[in-house]
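Colleague: Structure file structure.pdb (PDB, C-alpha atoms) right here:
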ATOM      1  CA  MET A   1       0.000   0.000   0.000  1.00  0.00           C
ATOM      2  CA  GLU A   2       2.970   2.327   0.363  1.00  0.00           C
ATOM      3  CA  ASN A   3       3.339   2.410  -3.439  1.00  0.00           C
ATOM      4  CA  ILE A   4      -0.147   3.804  -4.021  1.00  0.00           C
ATOM      5  CA  LYS A   5      -0.049   7.461  -5.062  1.00  0.00           C
ATOM      6  CA  ASP A   6      -2.142  10.213  -3.486  1.00  0.00           C
ATOM      7  CA  ILE A   7      -4.572  12.024  -5.800  1.00  0.00           C
ATOM      8  CA  ASP A   8      -3.818  15.497  -4.418  1.00  0.00           C
ATOM      9  CA  LYS A   9      -0.120  15.066  -5.237  1.00  0.00           C
ATOM     10  CA  GLU A  10      -0.739  13.362  -8.582  1.00  0.00           C
ATOM     11  CA  ILE A  11      -3.062  16.048  -9.934  1.00  0.00           C
ATOM     12  CA  LYS A  12      -0.225  18.571  -9.727  1.00  0.00           C
ATOM     13  CA  CYS A  13       1.955  16.294 -11.913  1.00  0.00           C
ATOM     14  CA  ASN A  14      -0.731  15.441 -14.477  1.00  0.00           C
ATOM     15  CA  ASN A  15       0.167  16.749 -17.964  1.00  0.00           C
ATOM     16  CA  GLU A  16      -3.494  17.301 -18.906  1.00  0.00           C
ATOM     17  CA  ILE A  17      -4.142  19.621 -15.952  1.00  0.00           C
ATOM     18  CA  GLU A  18      -2.799  23.118 -15.443  1.00  0.00           C
ATOM     19  CA  VAL A  19      -2.353  24.469 -11.916  1.00  0.00           C
ATOM     20  CA  LYS A  20      -2.791  28.210 -11.386  1.00  0.00           C
ATOM     21  CA  LYS A  21      -2.421  30.159  -8.188  1.00  0.00           C
ATOM     22  CA  GLN A  22      -5.045  32.831  -7.592  1.00  0.00           C
ATOM     23  CA  ILE A  23      -4.439  36.019  -5.646  1.00  0.00           C
ATOM     24  CA  SER A  24      -7.227  36.818  -3.222  1.00  0.00           C
ATOM     25  CA  ILE A  25      -9.114  39.971  -4.166  1.00  0.00           C
ATOM     26  CA  PHE A  26     -10.750  39.837  -0.736  1.00  0.00           C
ATOM     27  CA  GLY A  27      -7.269  40.101   0.820  1.00  0.00           C
ATOM     28  CA  ILE A  28      -6.499  43.221  -1.217  1.00  0.00           C
ATOM     29  CA  VAL A  29      -9.826  44.776  -0.164  1.00  0.00           C
ATOM     30  CA  LEU A  30      -9.070  44.057   3.504  1.00  0.00           C
ATOM     31  CA  ILE A  31      -5.660  45.741   3.200  1.00  0.00           C
ATOM     32  CA  ILE A  32      -7.203  48.834   1.579  1.00  0.00           C
ATOM     33  CA  ILE A  33      -9.898  49.061   4.281  1.00  0.00           C
ATOM     34  CA  GLY A  34      -7.242  48.685   6.972  1.00  0.00           C
ATOM     35  CA  VAL A  35      -5.016  51.412   5.524  1.00  0.00           C
ATOM     36  CA  ILE A  36      -7.984  53.793   5.128  1.00  0.00           C
ATOM     37  CA  ALA A  37      -9.093  53.128   8.723  1.00  0.00           C
ATOM     38  CA  MET A  38      -5.583  53.771  10.053  1.00  0.00           C
ATOM     39  CA  PHE A  39      -5.289  56.950   7.957  1.00  0.00           C
ATOM     40  CA  TYR A  40      -8.587  58.345   9.317  1.00  0.00           C
ATOM     41  CA  SER A  41      -7.694  57.389  12.882  1.00  0.00           C
ATOM     42  CA  GLU A  42      -4.864  59.954  12.746  1.00  0.00           C
ATOM     43  CA  LYS A  43      -7.354  62.751  11.985  1.00  0.00           C
ATOM     44  CA  LEU A  44      -9.693  62.059  14.921  1.00  0.00           C
ATOM     45  CA  GLU A  45      -9.473  64.071  18.117  1.00  0.00           C
ATOM     46  CA  ASN A  46     -11.169  61.512  20.391  1.00  0.00           C
ATOM     47  CA  LEU A  47      -8.445  59.310  21.883  1.00  0.00           C
ATOM     48  CA  ASN A  48     -10.694  56.269  22.467  1.00  0.00           C
ATOM     49  CA  LEU A  49     -12.187  56.361  18.982  1.00  0.00           C
ATOM     50  CA  ASP A  50      -8.734  57.019  17.510  1.00  0.00           C
ATOM     51  CA  SER A  51      -7.253  53.945  19.226  1.00  0.00           C
ATOM     52  CA  ALA A  52     -10.212  51.732  18.335  1.00  0.00           C
ATOM     53  CA  LEU A  53     -10.086  52.758  14.674  1.00  0.00           C
ATOM     54  CA  MET A  54      -6.303  52.248  14.572  1.00  0.00           C
ATOM     55  CA  LEU A  55      -6.679  48.761  16.093  1.00  0.00           C
ATOM     56  CA  ALA A  56      -9.481  47.853  13.674  1.00  0.00           C
ATOM     57  CA  GLY A  57      -7.448  49.151  10.721  1.00  0.00           C
ATOM     58  CA  ALA A  58      -4.363  47.202  11.773  1.00  0.00           C
ATOM     59  CA  THR A  59      -6.482  44.054  12.233  1.00  0.00           C
ATOM     60  CA  PHE A  60      -8.022  44.410   8.775  1.00  0.00           C
ATOM     61  CA  ALA A  61      -4.614  45.052   7.198  1.00  0.00           C
ATOM     62  CA  ILE A  62      -2.994  42.045   8.895  1.00  0.00           C
ATOM     63  CA  CYS A  63      -5.902  39.770   7.950  1.00  0.00           C
ATOM     64  CA  GLY A  64      -5.638  41.046   4.369  1.00  0.00           C
ATOM     65  CA  ILE A  65      -1.912  40.344   4.226  1.00  0.00           C
ATOM     66  CA  VAL A  66      -2.427  36.810   5.557  1.00  0.00           C
ATOM     67  CA  LYS A  67      -5.272  36.211   3.089  1.00  0.00           C
ATOM     68  CA  LEU A  68      -3.106  37.551   0.264  1.00  0.00           C
ATOM     69  CA  PHE A  69      -0.278  35.103   0.966  1.00  0.00           C
ATOM     70  CA  ILE A  70      -2.501  32.060   1.284  1.00  0.00           C
ATOM     71  CA  PHE A  71      -2.871  31.124  -2.363  1.00  0.00           C
ATOM     72  CA  LYS A  72      -5.849  29.242  -3.655  1.00  0.00           C
ATOM     73  CA  ARG A  73      -5.028  26.740  -6.379  1.00  0.00           C
ATOM     74  CA  LYS A  74      -7.199  26.535  -9.448  1.00  0.00           C
ATOM     75  CA  TYR A  75      -6.996  23.386 -11.568  1.00  0.00           C
ATOM     76  CA  THR A  76      -7.992  23.676 -15.236  1.00  0.00           C
ATOM     77  CA  LEU A  77      -8.147  21.073 -17.983  1.00  0.00           C
ATOM     78  CA  LYS A  78      -5.726  22.208 -20.712  1.00  0.00           C
ATOM     79  CA  SER A  79      -7.741  20.881 -23.655  1.00  0.00           C
ATOM     80  CA  THR A  80     -11.081  22.543 -22.826  1.00  0.00           C
ATOM     81  CA  LYS A  81      -9.999  25.223 -20.309  1.00  0.00           C
ATOM     82  CA  GLU A  82     -12.708  23.981 -17.918  1.00  0.00           C
ATOM     83  CA  VAL A  83     -12.114  24.431 -14.194  1.00  0.00           C
ATOM     84  CA  LEU A  84     -11.904  21.212 -12.168  1.00  0.00           C
ATOM     85  CA  HIS A  85     -13.957  21.026  -8.976  1.00  0.00           C
ATOM     86  CA  ARG A  86     -12.902  18.857  -6.022  1.00  0.00           C
ATOM     87  CA  LYS A  87     -15.411  16.780  -4.078  1.00  0.00           C
ATOM     88  CA  GLU A  88     -15.214  14.077  -1.447  1.00  0.00           C
ATOM     89  CA  LEU A  89     -18.040  11.571  -1.877  1.00  0.00           C
ATOM     90  CA  TYR A  90     -18.990   8.989   0.753  1.00  0.00           C
ATOM     91  CA  PHE A  91     -20.543   5.548   0.291  1.00  0.00           C
ATOM     92  CA  THR A  92     -21.364   2.375   2.210  1.00  0.00           C
ATOM     93  CA  ASN A  93     -19.550  -0.927   1.640  1.00  0.00           C
ATOM     94  CA  SER A  94     -22.716  -2.446   0.160  1.00  0.00           C
ATOM     95  CA  GLU A  95     -22.488   0.054  -2.727  1.00  0.00           C
ATOM     96  CA  ARG A  96     -18.932  -0.919  -3.736  1.00  0.00           C
ATOM     97  CA  ALA A  97     -20.030  -3.092  -6.700  1.00  0.00           C
ATOM     98  CA  GLU A  98     -22.295  -0.345  -7.995  1.00  0.00           C
ATOM     99  CA  ILE A  99     -19.488   2.209  -7.679  1.00  0.00           C
ATOM    100  CA  GLU A 100     -17.103  -0.038  -9.609  1.00  0.00           C
ATOM    101  CA  ASP A 101     -19.751  -0.452 -12.349  1.00  0.00           C
ATOM    102  CA  PHE A 102     -20.104   3.322 -12.616  1.00  0.00           C
ATOM    103  CA  ILE A 103     -16.322   3.631 -12.875  1.00  0.00           C
ATOM    104  CA  LYS A 104     -16.107   0.930 -15.573  1.00  0.00           C
ATOM    105  CA  ASN A 105     -18.928   2.611 -17.530  1.00  0.00           C
ATOM    106  CA  LYS A 106     -17.332   6.055 -17.003  1.00  0.00           C
ATOM    107  CA  ASN A 107     -20.525   7.393 -15.446  1.00  0.00           C
ATOM    108  CA  VAL A 108     -19.458  10.354 -13.287  1.00  0.00           C
ATOM    109  CA  ASP A 109     -23.058  11.563 -12.834  1.00  0.00           C
ATOM    110  CA  GLY A 110     -24.041   8.196 -11.364  1.00  0.00           C
ATOM    111  CA  ILE A 111     -21.197   8.300  -8.853  1.00  0.00           C
ATOM    112  CA  ILE A 112     -22.116  11.813  -7.713  1.00  0.00           C
ATOM    113  CA  LYS A 113     -25.849  11.016  -7.413  1.00  0.00           C
ATOM    114  CA  LEU A 114     -25.207   7.798  -5.457  1.00  0.00           C
ATOM    115  CA  SER A 115     -23.111   9.488  -2.765  1.00  0.00           C
ATOM    116  CA  LYS A 116     -24.376   9.902   0.799  1.00  0.00           C
ATOM    117  CA  GLU A 117     -23.594  12.476   3.448  1.00  0.00           C
ATOM    118  CA  SER A 118     -23.626  10.226   6.503  1.00  0.00           C
ATOM    119  CA  SER A 119     -21.723   7.140   5.380  1.00  0.00           C
ATOM    120  CA  SER A 120     -18.029   6.743   6.048  1.00  0.00           C
ATOM    121  CA  ASP A 121     -17.017   3.290   4.745  1.00  0.00           C
ATOM    122  CA  ILE A 122     -15.738   4.397   1.336  1.00  0.00           C
ATOM    123  CA  MET A 123     -14.626   7.821   0.162  1.00  0.00           C
ATOM    124  CA  ILE A 124     -13.998   8.863  -3.421  1.00  0.00           C
ATOM    125  CA  VAL A 125     -11.954  11.994  -3.987  1.00  0.00           C
ATOM    126  CA  ILE A 126     -12.913  13.342  -7.391  1.00  0.00           C
ATOM    127  CA  TYR A 127     -11.758  16.282  -9.471  1.00  0.00           C
ATOM    128  CA  TYR A 128     -14.277  16.804 -12.271  1.00  0.00           C
ATOM    129  CA  THR A 129     -15.318  19.322 -14.899  1.00  0.00           C
ATOM    130  CA  PRO A 130     -18.820  20.849 -14.793  1.00  0.00           C
ATOM    131  CA  SER A 131     -19.676  19.034 -18.035  1.00  0.00           C
ATOM    132  CA  ASN A 132     -18.620  15.711 -16.390  1.00  0.00           C
ATOM    133  CA  LYS A 133     -16.633  14.812 -19.517  1.00  0.00           C
ATOM    134  CA  TYR A 134     -13.396  14.565 -17.525  1.00  0.00           C
ATOM    135  CA  ALA A 135     -12.879  13.227 -14.012  1.00  0.00           C
ATOM    136  CA  PHE A 136      -9.764  12.352 -12.031  1.00  0.00           C
ATOM    137  CA  LEU A 137     -10.665  10.169  -9.060  1.00  0.00           C
ATOM    138  CA  GLN A 138      -9.375   7.859  -6.370  1.00  0.00           C
ATOM    139  CA  LEU A 139     -11.142   5.289  -4.195  1.00  0.00           C
ATOM    140  CA  ASN A 140     -10.288   5.302  -0.455  1.00  0.00           C
ATOM    141  CA  ASP A 141     -11.324   2.871   2.278  1.00  0.00           C
ATOM    142  CA  TYR A 142     -11.868   3.862   5.895  1.00  0.00           C
ATOM    143  CA  ILE A 143      -9.399   1.832   7.941  1.00  0.00           C
ATOM    144  CA  THR A 144      -8.447   2.589  11.554  1.00  0.00           C
ATOM    145  CA  TYR A 145      -9.686   6.171  11.785  1.00  0.00           C
ATOM    146  CA  GLN A 146      -8.335   7.378   8.442  1.00  0.00           C
ATOM    147  CA  TYR A 147      -8.991   7.070   4.722  1.00  0.00           C
ATOM    148  CA  ILE A 148      -6.357   5.015   2.919  1.00  0.00           C
ATOM    149  CA  PRO A 149      -6.102   5.009  -0.895  1.00  0.00           C
ATOM    150  CA  MET A 150      -6.840   1.530  -2.249  1.00  0.00           C
ATOM    151  CA  GLN A 151      -5.674   2.184  -5.818  1.00  0.00           C
ATOM    152  CA  ASP A 152      -3.774   4.754  -7.825  1.00  0.00           C
ATOM    153  CA  PRO A 153      -5.741   7.765  -9.099  1.00  0.00           C
ATOM    154  CA  PHE A 154      -7.159   7.343 -12.600  1.00  0.00           C
ATOM    155  CA  VAL A 155      -8.872   9.376 -15.293  1.00  0.00           C
ATOM    156  CA  ILE A 156     -12.376   8.977 -16.662  1.00  0.00           C
ATOM    157  CA  CYS A 157     -12.878  10.802 -19.966  1.00  0.00           C
TER     158      CYS A 157
END
Have the structure of the file written as structure tokens, please.
Modeller:
Amino acid sequence: MENIKDIDKEIKCNNEIEVKKQISIFGIVLIIIGVIAMFYSEKLENLNLDSALMLAGATFAICGIVKLFIFKRKYTLKSTKEVLHRKELYFTNSERAEIEDFIKNKNVDGIIKLSKESSSDIMIVIYYTPSNKYAFLQLNDYITYQYIPMQDPFVIC
């Protein structure tokens, strides 16, 4: 089992998928709000309001800087430029045969519709396009308080 690859590491190495880092616009907005608040705090005459506005401005600016440096990765399929969405789907052990049939038949819609919120026996990590024409997935079993990949990630086109 040590030789089985992890899907989150493999998707970064896949030649069909492009990884882009996005800068957070929300982080930039927080920095601007923080700087404006600190600038206006200098013009106030009330010491309590001045200190509160300076503290709020510094808090917004620091949160914005942190948000700016935490990059969000965006995975796109090179051939169609579609964005890949990541989902974790959960199933019971009794549905394993049905899941394997869906995988053999390349039916991504069936896999997504079959999933349950409350089950924890089997987990499928899936990166898929909105059109469901491309999916990169991996089957994981729940063994001793963690999900362990049972096979290498594979592509359904």
Colleague: Leaving out Arg73 of chain A and any residue of its chain fewer than 4 positions from it, which residues lie within 7 Å of it when counting only C-alpha atoms, given as a ChimeraX atom specification?
Modeller: /A:19-22
Colleague: Could you give me, as a list in words, the residues within 6 Å of segment 52-60 of chain A, counting all atoms listed in the file and dropping anything in the same chain fewer than 6 positions from it?
Modeller: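 Result of the neighbour search: Leu30, Gly34, Ala37, Met38 and Ser41 of chain A.
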Colleague: When distances are computed from only C-alpha atoms, which of A:Asn46, A:Asn107, A:Ser131, A:Ser51 shows the smallest separation from Val83 of chain A?
Modeller: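 Once distances to Val83 of chain A are computed over only C-alpha atoms, the minimum belongs to A:Ser131.
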Colleague: Within 9 Å of (-19.1, 3.1, 6.7) (coordinates as in the file), grab all the protein and nucleic acid residues, counting only C-alpha atoms, and write them out as a PyMOL selection string.
Modeller: chain A and resi 90-93+118-122+141-142
Colleague: Restricting the calculation to only C-alpha atoms: of A:Ile23, A:Ile143, A:Ile31, A:Ile7, which residue gets closest to Ile65 of chain A?
Modeller: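 For Ile65 of chain A, the nearest of the candidates is A:Ile31.
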Colleague: If you measure from atom CA of His85 of chain A to atom CA of Glu117 of chain A, what distance in Å do you get, rounded to one decimal?
Modeller: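 For atom CA of His85 of chain A relative to atom CA of Glu117 of chain A, the distance reads 17.9 Å.
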Colleague: Would you compute the distance between atom CA of Lys116 of chain A and atom CA of Asp6 of chain A? Give it in Å to one decimal.
Modeller: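 For atom CA of Lys116 of chain A relative to atom CA of Asp6 of chain A, the distance reads 22.6 Å.
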Colleague: Would you mind reading off the distance between atom CA of Leu68 of chain A and atom CA of Phe26 of chain A, one decimal, in Å?
Modeller: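 Spanning atom CA of Leu68 of chain A to atom CA of Phe26 of chain A is a straight-line distance of 8.0 Å.
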Colleague: Find the residues near Ser79 of chain A: any atom within 12 Å, counting all atoms listed in the file, skip ones fewer than 5 places away on the same chain, and give them as a ChimeraX atom specification.
Modeller: /A:15-18,129,133-134,157
Colleague: Which neighbours of Ile111 of chain A fall inside 10 Å, counting only C-alpha atoms, when residues of the same chain fewer than 4 positions from it are skipped, and could you give them as a ChimeraX atom specification?
Modeller: /A:89-91,98-103,106-107,115,124,126
Colleague: List the neighbours of segment 27-29 of chain A out to 10 Å using only C-alpha atoms; skip same-chain residues closer than 3 positions along the sequence, and give me the result as a ChimeraX atom specification.
Modeller: /A:23-24,32-35,60-70
